[in-house]
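Below is one structure, written out as structure tokens, with a few remarks after it.
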Amino acid sequence: QVQLVESGGGLVQPGGSLRLSCAASGSIFSIYHMAWYRQAPGKQRELVAGITSGGSTNYADSVKGRFTISRDNARNTVYLQMNSLKPEDTAVYYCNLGGHGMNYWGKGTLVTVSS
């Protein structure tokens with residue numbers, strides 16, 4: 001069983017930055033693909049960014065150039081650095097672990113971008 005715990009959400013003004021973290025339990029974190037999704041009120045959950053076990057990354061068009069996903073396998077943690085935040089980035093952000101038959105979700109952390 002894998003547990004994912006997100007942190008780092010909060011209220012930030014437009015143009016500001018936040019860094020989300022997702023800590024995973026278990027000792028073989030490095031073999032899994034990790035991703036951040038988000039769900040805004042009244043909308044479907046969408047992929048924000050993903051990072052493979054080999055370190056390859058992909059991003060939603062809406063966040064390219066503003067968000068950066070990274071991972072620290074020694075700390076079993078994946079990060080999402082979010083810069084130049086916009087009101088439309090407001091959502092609950094979820095961490096996902098996948099691959100090798102696994103699919104786990106964290107409980108989410110709320111990001112609110114508002115003046």
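Chain identifiers are assigned as A, B, and so on, following the order in which chains appear in the structure tokens; residues are numbered from 1 within each chain, and ligands are numbered from 1 in order of appearance.
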
Give me the stretch 32-82 of chain A side of the contact with stretch 102-113 of chain A, cut-off 12 Å, one line per residue showing its nearest atom pair and distance in Å at one decimal, counting only C-alpha atoms, sorted by chain and residue number, as a Markdown table.
```
| residue | atom | partner | partner_atom | distance |
| --- | --- | --- | --- | --- |
| A:Tyr32 | CA | A:Met102 | CA | 8.3 |
| A:His33 | CA | A:Met102 | CA | 9.5 |
| A:Met34 | CA | A:Tyr104 | CA | 9.7 |
| A:Ala35 | CA | A:Trp105 | CA | 9.7 |
| A:Trp36 | CA | A:Trp105 | CA | 9.6 |
| A:Tyr37 | CA | A:Gly108 | CA | 9.2 |
| A:Arg38 | CA | A:Gly108 | CA | 8.5 |
| A:Gln39 | CA | A:Gly108 | CA | 9.4 |
| A:Ala40 | CA | A:Leu110 | CA | 9.6 |
| A:Pro41 | CA | A:Leu110 | CA | 11.1 |
| A:Arg45 | CA | A:Gly108 | CA | 11.5 |
| A:Leu80 | CA | A:Thr109 | CA | 11.9 |
| A:Met82 | CA | A:Val111 | CA | 10.3 |
```

Quick one: write out the picked residues with C-alpha atoms as a CSV table (one decimal), in the first residue's frame?
```
chain,number,residue,atom,x,y,z
A,32,TYR,CA,7.2,4.8,-10.6
A,33,HIS,CA,5.9,7.5,-12.7
A,34,MET,CA,4.6,10.5,-10.8
A,35,ALA,CA,2.2,13.2,-11.8
A,36,TRP,CA,0.3,16.2,-10.6
A,37,TYR,CA,-3.4,16.7,-11.5
A,38,ARG,CA,-5.8,19.4,-10.6
A,39,GLN,CA,-9.5,19.8,-10.3
A,40,ALA,CA,-11.2,23.2,-10.3
A,41,PRO,CA,-14.7,23.6,-9.0
A,45,ARG,CA,-9.7,16.5,-13.1
A,80,LEU,CA,5.7,21.1,-8.5
A,82,MET,CA,4.5,26.9,-9.8
```

Identify, on the basis of only C-alpha atoms, every residue whose closest approach to A:Ala49 does not exceed 12 Å; exclude the query and any residue fewer than 6 positions from it along the same chain; express the result as a short mmCIF file (atom, residue, chain, number, x, y, z; two decimals) with all heavy atoms, in the first residue's frame.
```cif
data_model
loop_
_atom_site.label_atom_id
_atom_site.label_comp_id
_atom_site.auth_asym_id
_atom_site.auth_seq_id
_atom_site.Cartn_x
_atom_site.Cartn_y
_atom_site.Cartn_z
N HIS A 33 6.14 6.23 -12.14
CA HIS A 33 5.88 7.52 -12.75
C HIS A 33 5.07 8.35 -11.76
O HIS A 33 4.21 7.84 -11.05
CB HIS A 33 5.08 7.35 -14.04
CG HIS A 33 5.73 6.45 -15.04
ND1 HIS A 33 7.09 6.44 -15.28
CD2 HIS A 33 5.21 5.50 -15.85
CE1 HIS A 33 7.37 5.54 -16.20
NE2 HIS A 33 6.25 4.95 -16.56
N MET A 34 5.34 9.63 -11.72
CA MET A 34 4.63 10.53 -10.82
C MET A 34 3.99 11.65 -11.62
O MET A 34 4.50 12.04 -12.69
CB MET A 34 5.58 11.13 -9.80
CG MET A 34 6.30 10.12 -8.92
SD MET A 34 5.16 9.14 -7.92
CE MET A 34 4.37 10.41 -6.94
N ALA A 35 2.90 12.16 -11.12
CA ALA A 35 2.21 13.23 -11.83
C ALA A 35 1.44 14.10 -10.87
O ALA A 35 1.10 13.68 -9.75
CB ALA A 35 1.26 12.65 -12.88
N TRP A 36 1.18 15.30 -11.31
CA TRP A 36 0.29 16.23 -10.62
C TRP A 36 -0.94 16.46 -11.51
O TRP A 36 -0.80 16.73 -12.70
CB TRP A 36 0.97 17.56 -10.35
CG TRP A 36 2.00 17.51 -9.27
CD1 TRP A 36 3.35 17.36 -9.42
CD2 TRP A 36 1.76 17.63 -7.87
NE1 TRP A 36 3.96 17.36 -8.20
CE2 TRP A 36 3.02 17.53 -7.22
CE3 TRP A 36 0.62 17.81 -7.08
CZ2 TRP A 36 3.15 17.61 -5.83
CZ3 TRP A 36 0.76 17.89 -5.71
CH2 TRP A 36 2.01 17.79 -5.10
N TYR A 37 -2.09 16.35 -10.90
CA TYR A 37 -3.35 16.67 -11.54
C TYR A 37 -4.01 17.80 -10.74
O TYR A 37 -3.63 18.06 -9.61
CB TYR A 37 -4.30 15.45 -11.54
CG TYR A 37 -3.92 14.36 -12.50
CD1 TYR A 37 -2.84 13.51 -12.26
CD2 TYR A 37 -4.68 14.14 -13.66
CE1 TYR A 37 -2.51 12.50 -13.14
CE2 TYR A 37 -4.36 13.12 -14.54
CZ TYR A 37 -3.27 12.31 -14.27
OH TYR A 37 -2.96 11.30 -15.15
N ARG A 38 -5.00 18.41 -11.35
CA ARG A 38 -5.77 19.42 -10.62
C ARG A 38 -7.24 19.35 -11.02
O ARG A 38 -7.58 18.91 -12.12
CB ARG A 38 -5.23 20.83 -10.86
CG ARG A 38 -5.41 21.36 -12.26
CD ARG A 38 -4.68 22.71 -12.40
NE ARG A 38 -4.84 23.25 -13.75
CZ ARG A 38 -4.19 24.34 -14.18
NH1 ARG A 38 -3.36 24.99 -13.36
NH2 ARG A 38 -4.38 24.78 -15.41
N SER A 56 11.94 11.96 -17.53
CA SER A 56 11.31 12.70 -18.62
C SER A 56 10.04 13.37 -18.12
O SER A 56 9.31 12.80 -17.31
CB SER A 56 10.97 11.76 -19.78
OG SER A 56 12.14 11.20 -20.31
N THR A 57 9.79 14.57 -18.61
CA THR A 57 8.65 15.35 -18.13
C THR A 57 7.70 15.72 -19.25
O THR A 57 8.08 15.77 -20.43
CB THR A 57 9.12 16.64 -17.44
OG1 THR A 57 9.87 17.41 -18.37
CG2 THR A 57 10.00 16.33 -16.23
N ASN A 58 6.45 15.96 -18.88
CA ASN A 58 5.48 16.49 -19.82
C ASN A 58 4.55 17.42 -19.07
O ASN A 58 4.36 17.28 -17.85
CB ASN A 58 4.69 15.38 -20.52
CG ASN A 58 3.86 14.55 -19.56
OD1 ASN A 58 4.39 13.77 -18.80
ND2 ASN A 58 2.55 14.77 -19.58
N TYR A 59 3.99 18.39 -19.79
CA TYR A 59 3.18 19.43 -19.17
C TYR A 59 1.93 19.71 -19.99
O TYR A 59 1.93 19.61 -21.22
CB TYR A 59 3.97 20.74 -19.05
CG TYR A 59 5.19 20.64 -18.18
CD1 TYR A 59 6.43 20.31 -18.70
CD2 TYR A 59 5.10 20.88 -16.81
CE1 TYR A 59 7.55 20.21 -17.90
CE2 TYR A 59 6.21 20.78 -15.99
CZ TYR A 59 7.44 20.45 -16.55
OH TYR A 59 8.54 20.35 -15.73
N ALA A 60 0.89 20.13 -19.30
CA ALA A 60 -0.27 20.66 -19.98
C ALA A 60 0.12 21.97 -20.65
O ALA A 60 0.96 22.72 -20.12
CB ALA A 60 -1.40 20.91 -18.99
N ASP A 61 -0.47 22.24 -21.81
CA ASP A 61 -0.13 23.47 -22.52
C ASP A 61 -0.35 24.71 -21.67
O ASP A 61 0.39 25.69 -21.76
CB ASP A 61 -0.96 23.58 -23.80
CG ASP A 61 -0.52 22.60 -24.87
OD1 ASP A 61 0.60 22.06 -24.77
OD2 ASP A 61 -1.30 22.36 -25.81
N SER A 62 -1.35 24.66 -20.81
CA SER A 62 -1.71 25.83 -20.01
C SER A 62 -0.67 26.20 -18.96
O SER A 62 -0.70 27.31 -18.43
CB SER A 62 -3.06 25.60 -19.33
OG SER A 62 -3.01 24.46 -18.49
N VAL A 63 0.24 25.28 -18.66
CA VAL A 63 1.23 25.56 -17.61
C VAL A 63 2.66 25.54 -18.12
O VAL A 63 3.59 25.82 -17.36
CB VAL A 63 1.10 24.58 -16.42
CG1 VAL A 63 -0.33 24.56 -15.90
CG2 VAL A 63 1.57 23.19 -16.78
N LYS A 64 2.85 25.21 -19.40
CA LYS A 64 4.21 25.17 -19.94
C LYS A 64 4.90 26.51 -19.78
O LYS A 64 4.32 27.56 -20.04
CB LYS A 64 4.16 24.78 -21.42
CG LYS A 64 3.98 23.30 -21.68
CD LYS A 64 3.95 23.00 -23.18
CE LYS A 64 3.73 21.52 -23.43
NZ LYS A 64 3.61 21.21 -24.87
N GLY A 65 6.15 26.44 -19.33
CA GLY A 65 6.92 27.66 -19.13
C GLY A 65 6.70 28.32 -17.78
O GLY A 65 7.43 29.23 -17.40
N ARG A 66 5.68 27.86 -17.04
CA ARG A 66 5.40 28.44 -15.72
C ARG A 66 5.60 27.43 -14.59
O ARG A 66 6.00 27.80 -13.49
CB ARG A 66 3.96 28.97 -15.67
CG ARG A 66 3.66 30.04 -16.68
CD ARG A 66 2.27 30.65 -16.45
NE ARG A 66 1.19 29.69 -16.59
CZ ARG A 66 0.31 29.40 -15.62
NH1 ARG A 66 0.38 30.02 -14.45
NH2 ARG A 66 -0.66 28.52 -15.84
N PHE A 67 5.27 26.17 -14.86
CA PHE A 67 5.37 25.12 -13.83
C PHE A 67 6.54 24.19 -14.16
O PHE A 67 6.83 23.93 -15.33
CB PHE A 67 4.09 24.29 -13.79
CG PHE A 67 2.88 25.01 -13.26
CD1 PHE A 67 2.85 26.37 -13.03
CD2 PHE A 67 1.72 24.28 -12.97
CE1 PHE A 67 1.73 27.01 -12.55
CE2 PHE A 67 0.58 24.91 -12.48
CZ PHE A 67 0.60 26.28 -12.28
N THR A 68 7.15 23.65 -13.10
CA THR A 68 8.21 22.67 -13.27
C THR A 68 8.01 21.53 -12.29
O THR A 68 7.87 21.75 -11.08
CB THR A 68 9.59 23.32 -13.00
OG1 THR A 68 9.78 24.42 -13.89
CG2 THR A 68 10.70 22.29 -13.22
N ILE A 69 7.98 20.31 -12.83
CA ILE A 69 7.88 19.13 -12.00
C ILE A 69 9.27 18.53 -11.83
O ILE A 69 10.08 18.53 -12.76
CB ILE A 69 6.90 18.10 -12.61
CG1 ILE A 69 6.64 16.95 -11.63
CG2 ILE A 69 7.40 17.57 -13.95
CD1 ILE A 69 5.52 16.01 -12.07
N SER A 70 9.54 18.04 -10.63
CA SER A 70 10.82 17.39 -10.36
C SER A 70 10.62 16.33 -9.30
O SER A 70 9.58 16.29 -8.64
CB SER A 70 11.87 18.42 -9.90
OG SER A 70 11.46 19.05 -8.70
N ARG A 71 11.62 15.48 -9.15
CA ARG A 71 11.51 14.43 -8.15
C ARG A 71 12.85 14.23 -7.46
O ARG A 71 13.91 14.44 -8.05
CB ARG A 71 11.04 13.12 -8.79
CG ARG A 71 12.00 12.49 -9.78
CD ARG A 71 11.32 11.35 -10.56
NE ARG A 71 10.92 10.26 -9.69
CZ ARG A 71 10.04 9.32 -10.02
NH1 ARG A 71 9.46 9.37 -11.22
NH2 ARG A 71 9.73 8.35 -9.18
N VAL A 78 8.02 14.16 -4.85
CA VAL A 78 7.89 14.84 -6.12
C VAL A 78 7.42 16.26 -5.84
O VAL A 78 6.65 16.49 -4.89
CB VAL A 78 6.92 14.10 -7.06
CG1 VAL A 78 5.52 14.04 -6.50
CG2 VAL A 78 6.91 14.73 -8.45
N TYR A 79 7.89 17.19 -6.63
CA TYR A 79 7.60 18.61 -6.42
C TYR A 79 6.92 19.20 -7.65
O TYR A 79 7.08 18.72 -8.77
CB TYR A 79 8.89 19.39 -6.15
CG TYR A 79 9.70 18.87 -4.99
CD1 TYR A 79 10.78 18.03 -5.20
CD2 TYR A 79 9.38 19.24 -3.68
CE1 TYR A 79 11.54 17.55 -4.14
CE2 TYR A 79 10.13 18.77 -2.61
CZ TYR A 79 11.21 17.92 -2.85
OH TYR A 79 11.93 17.45 -1.79
N LEU A 80 6.20 20.28 -7.41
CA LEU A 80 5.67 21.07 -8.50
C LEU A 80 5.93 22.53 -8.16
O LEU A 80 5.29 23.08 -7.25
CB LEU A 80 4.17 20.83 -8.71
CG LEU A 80 3.57 21.55 -9.92
CD1 LEU A 80 4.12 20.94 -11.22
CD2 LEU A 80 2.03 21.47 -9.92
N GLN A 81 6.88 23.12 -8.86
CA GLN A 81 7.16 24.54 -8.70
C GLN A 81 6.24 25.31 -9.63
O GLN A 81 6.25 25.08 -10.85
CB GLN A 81 8.62 24.84 -9.04
CG GLN A 81 8.99 26.30 -8.95
CD GLN A 81 8.92 26.85 -7.54
OE1 GLN A 81 9.38 26.21 -6.60
NE2 GLN A 81 8.33 28.03 -7.38
N MET A 82 5.46 26.19 -9.07
CA MET A 82 4.47 26.94 -9.84
C MET A 82 4.80 28.43 -9.76
O MET A 82 4.79 29.01 -8.67
CB MET A 82 3.07 26.68 -9.29
CG MET A 82 2.69 25.21 -9.23
SD MET A 82 0.98 24.93 -8.77
CE MET A 82 0.99 25.55 -7.09
N TYR A 93 -5.02 20.39 -6.08
CA TYR A 93 -3.95 19.71 -6.79
C TYR A 93 -3.70 18.35 -6.14
O TYR A 93 -3.52 18.26 -4.92
CB TYR A 93 -2.67 20.56 -6.77
CG TYR A 93 -2.74 21.71 -7.73
CD1 TYR A 93 -3.58 22.80 -7.49
CD2 TYR A 93 -1.99 21.72 -8.91
CE1 TYR A 93 -3.66 23.85 -8.39
CE2 TYR A 93 -2.06 22.76 -9.81
CZ TYR A 93 -2.90 23.83 -9.55
OH TYR A 93 -2.99 24.87 -10.45
N TYR A 94 -3.69 17.33 -6.98
CA TYR A 94 -3.53 15.95 -6.52
C TYR A 94 -2.24 15.34 -7.06
O TYR A 94 -1.88 15.53 -8.22
CB TYR A 94 -4.69 15.09 -7.00
CG TYR A 94 -6.04 15.50 -6.47
CD1 TYR A 94 -6.84 16.40 -7.17
CD2 TYR A 94 -6.53 14.97 -5.28
CE1 TYR A 94 -8.09 16.77 -6.69
CE2 TYR A 94 -7.78 15.33 -4.79
CZ TYR A 94 -8.55 16.23 -5.50
OH TYR A 94 -9.79 16.60 -5.03
N CYS A 95 -1.60 14.56 -6.23
CA CYS A 95 -0.42 13.80 -6.60
C CYS A 95 -0.86 12.39 -7.02
O CYS A 95 -1.75 11.80 -6.40
CB CYS A 95 0.51 13.75 -5.40
SG CYS A 95 2.02 12.81 -5.62
N ASN A 96 -0.24 11.88 -8.05
CA ASN A 96 -0.54 10.53 -8.54
C ASN A 96 0.73 9.73 -8.72
O ASN A 96 1.72 10.24 -9.25
CB ASN A 96 -1.31 10.61 -9.86
CG ASN A 96 -1.56 9.25 -10.47
OD1 ASN A 96 -0.83 8.80 -11.35
ND2 ASN A 96 -2.60 8.58 -10.01
#
```

* Per DSSP on the backbone, filter chain A down to the residues in strand (DSSP E or B) and report them as a PyMOL selection string. => chain A and resi 4-7+10-12+18-24+33-39+46-51+57-59+67-72+77-82+91-99+102-105+109-113

* Asked: Which residues, written as a ChimeraX atom specification, have at least one atom at most 12 Å from A:Gly26, with only C-alpha atoms counted and residues fewer than 4 positions away on the same chain left out?
  -> /A:1-4,30-32,73-77,97

Once you have the residues from the selection above, write them out as a PDB file, in the first residue's frame, restricted to N, CA, C and O atoms.
```
ATOM      1  N   GLN A   1       0.840  -1.185   0.000  1.00  0.00           N
ATOM      2  CA  GLN A   1       0.000   0.000   0.000  1.00  0.00           C
ATOM      3  C   GLN A   1       0.883   1.246   0.000  1.00  0.00           C
ATOM      4  O   GLN A   1       1.841   1.334   0.757  1.00  0.00           O
ATOM      5  N   VAL A   2       0.539   2.170  -0.870  1.00  0.00           N
ATOM      6  CA  VAL A   2       1.298   3.412  -0.982  1.00  0.00           C
ATOM      7  C   VAL A   2       0.448   4.558  -0.455  1.00  0.00           C
ATOM      8  O   VAL A   2      -0.746   4.642  -0.753  1.00  0.00           O
ATOM      9  N   GLN A   3       1.045   5.420   0.320  1.00  0.00           N
ATOM     10  CA  GLN A   3       0.371   6.640   0.769  1.00  0.00           C
ATOM     11  C   GLN A   3       1.086   7.852   0.197  1.00  0.00           C
ATOM     12  O   GLN A   3       2.326   7.916   0.218  1.00  0.00           O
ATOM     13  N   LEU A   4       0.301   8.781  -0.311  1.00  0.00           N
ATOM     14  CA  LEU A   4       0.824  10.019  -0.867  1.00  0.00           C
ATOM     15  C   LEU A   4       0.264  11.186  -0.064  1.00  0.00           C
ATOM     16  O   LEU A   4      -0.948  11.278   0.134  1.00  0.00           O
ATOM     17  N   SER A  30      11.407   5.160  -6.791  1.00  0.00           N
ATOM     18  CA  SER A  30      12.103   5.568  -8.006  1.00  0.00           C
ATOM     19  C   SER A  30      11.603   4.880  -9.268  1.00  0.00           C
ATOM     20  O   SER A  30      11.816   5.376 -10.366  1.00  0.00           O
ATOM     21  N   ILE A  31      10.915   3.738  -9.138  1.00  0.00           N
ATOM     22  CA  ILE A  31      10.515   3.015 -10.336  1.00  0.00           C
ATOM     23  C   ILE A  31       9.186   3.489 -10.900  1.00  0.00           C
ATOM     24  O   ILE A  31       8.789   3.076 -11.982  1.00  0.00           O
ATOM     25  N   TYR A  32       8.501   4.349 -10.155  1.00  0.00           N
ATOM     26  CA  TYR A  32       7.158   4.751 -10.561  1.00  0.00           C
ATOM     27  C   TYR A  32       7.142   6.095 -11.282  1.00  0.00           C
ATOM     28  O   TYR A  32       7.990   6.951 -11.046  1.00  0.00           O
ATOM     29  N   ASN A  73      14.322  11.130  -5.583  1.00  0.00           N
ATOM     30  CA  ASN A  73      14.098   9.727  -5.230  1.00  0.00           C
ATOM     31  C   ASN A  73      14.651   9.374  -3.855  1.00  0.00           C
ATOM     32  O   ASN A  73      14.147   8.471  -3.191  1.00  0.00           O
ATOM     33  N   ALA A  74      15.675  10.073  -3.413  1.00  0.00           N
ATOM     34  CA  ALA A  74      16.236   9.808  -2.089  1.00  0.00           C
ATOM     35  C   ALA A  74      15.256  10.192  -0.981  1.00  0.00           C
ATOM     36  O   ALA A  74      15.291   9.616   0.108  1.00  0.00           O
ATOM     37  N   ARG A  75      14.395  11.153  -1.274  1.00  0.00           N
ATOM     38  CA  ARG A  75      13.402  11.612  -0.299  1.00  0.00           C
ATOM     39  C   ARG A  75      11.997  11.108  -0.617  1.00  0.00           C
ATOM     40  O   ARG A  75      11.043  11.494   0.072  1.00  0.00           O
ATOM     41  N   ASN A  76      11.862  10.272  -1.641  1.00  0.00           N
ATOM     42  CA  ASN A  76      10.538   9.766  -2.045  1.00  0.00           C
ATOM     43  C   ASN A  76       9.541  10.911  -2.237  1.00  0.00           C
ATOM     44  O   ASN A  76       8.388  10.832  -1.808  1.00  0.00           O
ATOM     45  N   THR A  77       9.993  11.959  -2.892  1.00  0.00           N
ATOM     46  CA  THR A  77       9.182  13.164  -2.996  1.00  0.00           C
ATOM     47  C   THR A  77       9.181  13.693  -4.429  1.00  0.00           C
ATOM     48  O   THR A  77      10.217  13.681  -5.101  1.00  0.00           O
ATOM     49  N   LEU A  97       0.683   8.468  -8.297  1.00  0.00           N
ATOM     50  CA  LEU A  97       1.782   7.523  -8.523  1.00  0.00           C
ATOM     51  C   LEU A  97       1.255   6.422  -9.422  1.00  0.00           C
ATOM     52  O   LEU A  97       0.183   5.850  -9.144  1.00  0.00           O
TER      53      LEU A  97
END
```

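Taking only chain A, the residues that DSSP calls helix (DSSP H, G or I) from the backbone come to Phe29, Ser30, Ile31, Asn73, Ala74, Arg75, Pro87, Glu88 and Asp89 of chain A.
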
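Nearest to A:Val5 of all the residues A:Ser25, A:Ser53, A:Leu18, A:Gly99 is A:Ser25, counting only C-alpha atoms.
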
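Taking atom CA of A:Asp72 as the reference point, atom CA of A:Gly10 is found at 22.5 Å.
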
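As for atom CA of A:Lys86 and atom CA of A:Ala24, they are spaced 28.0 Å apart.
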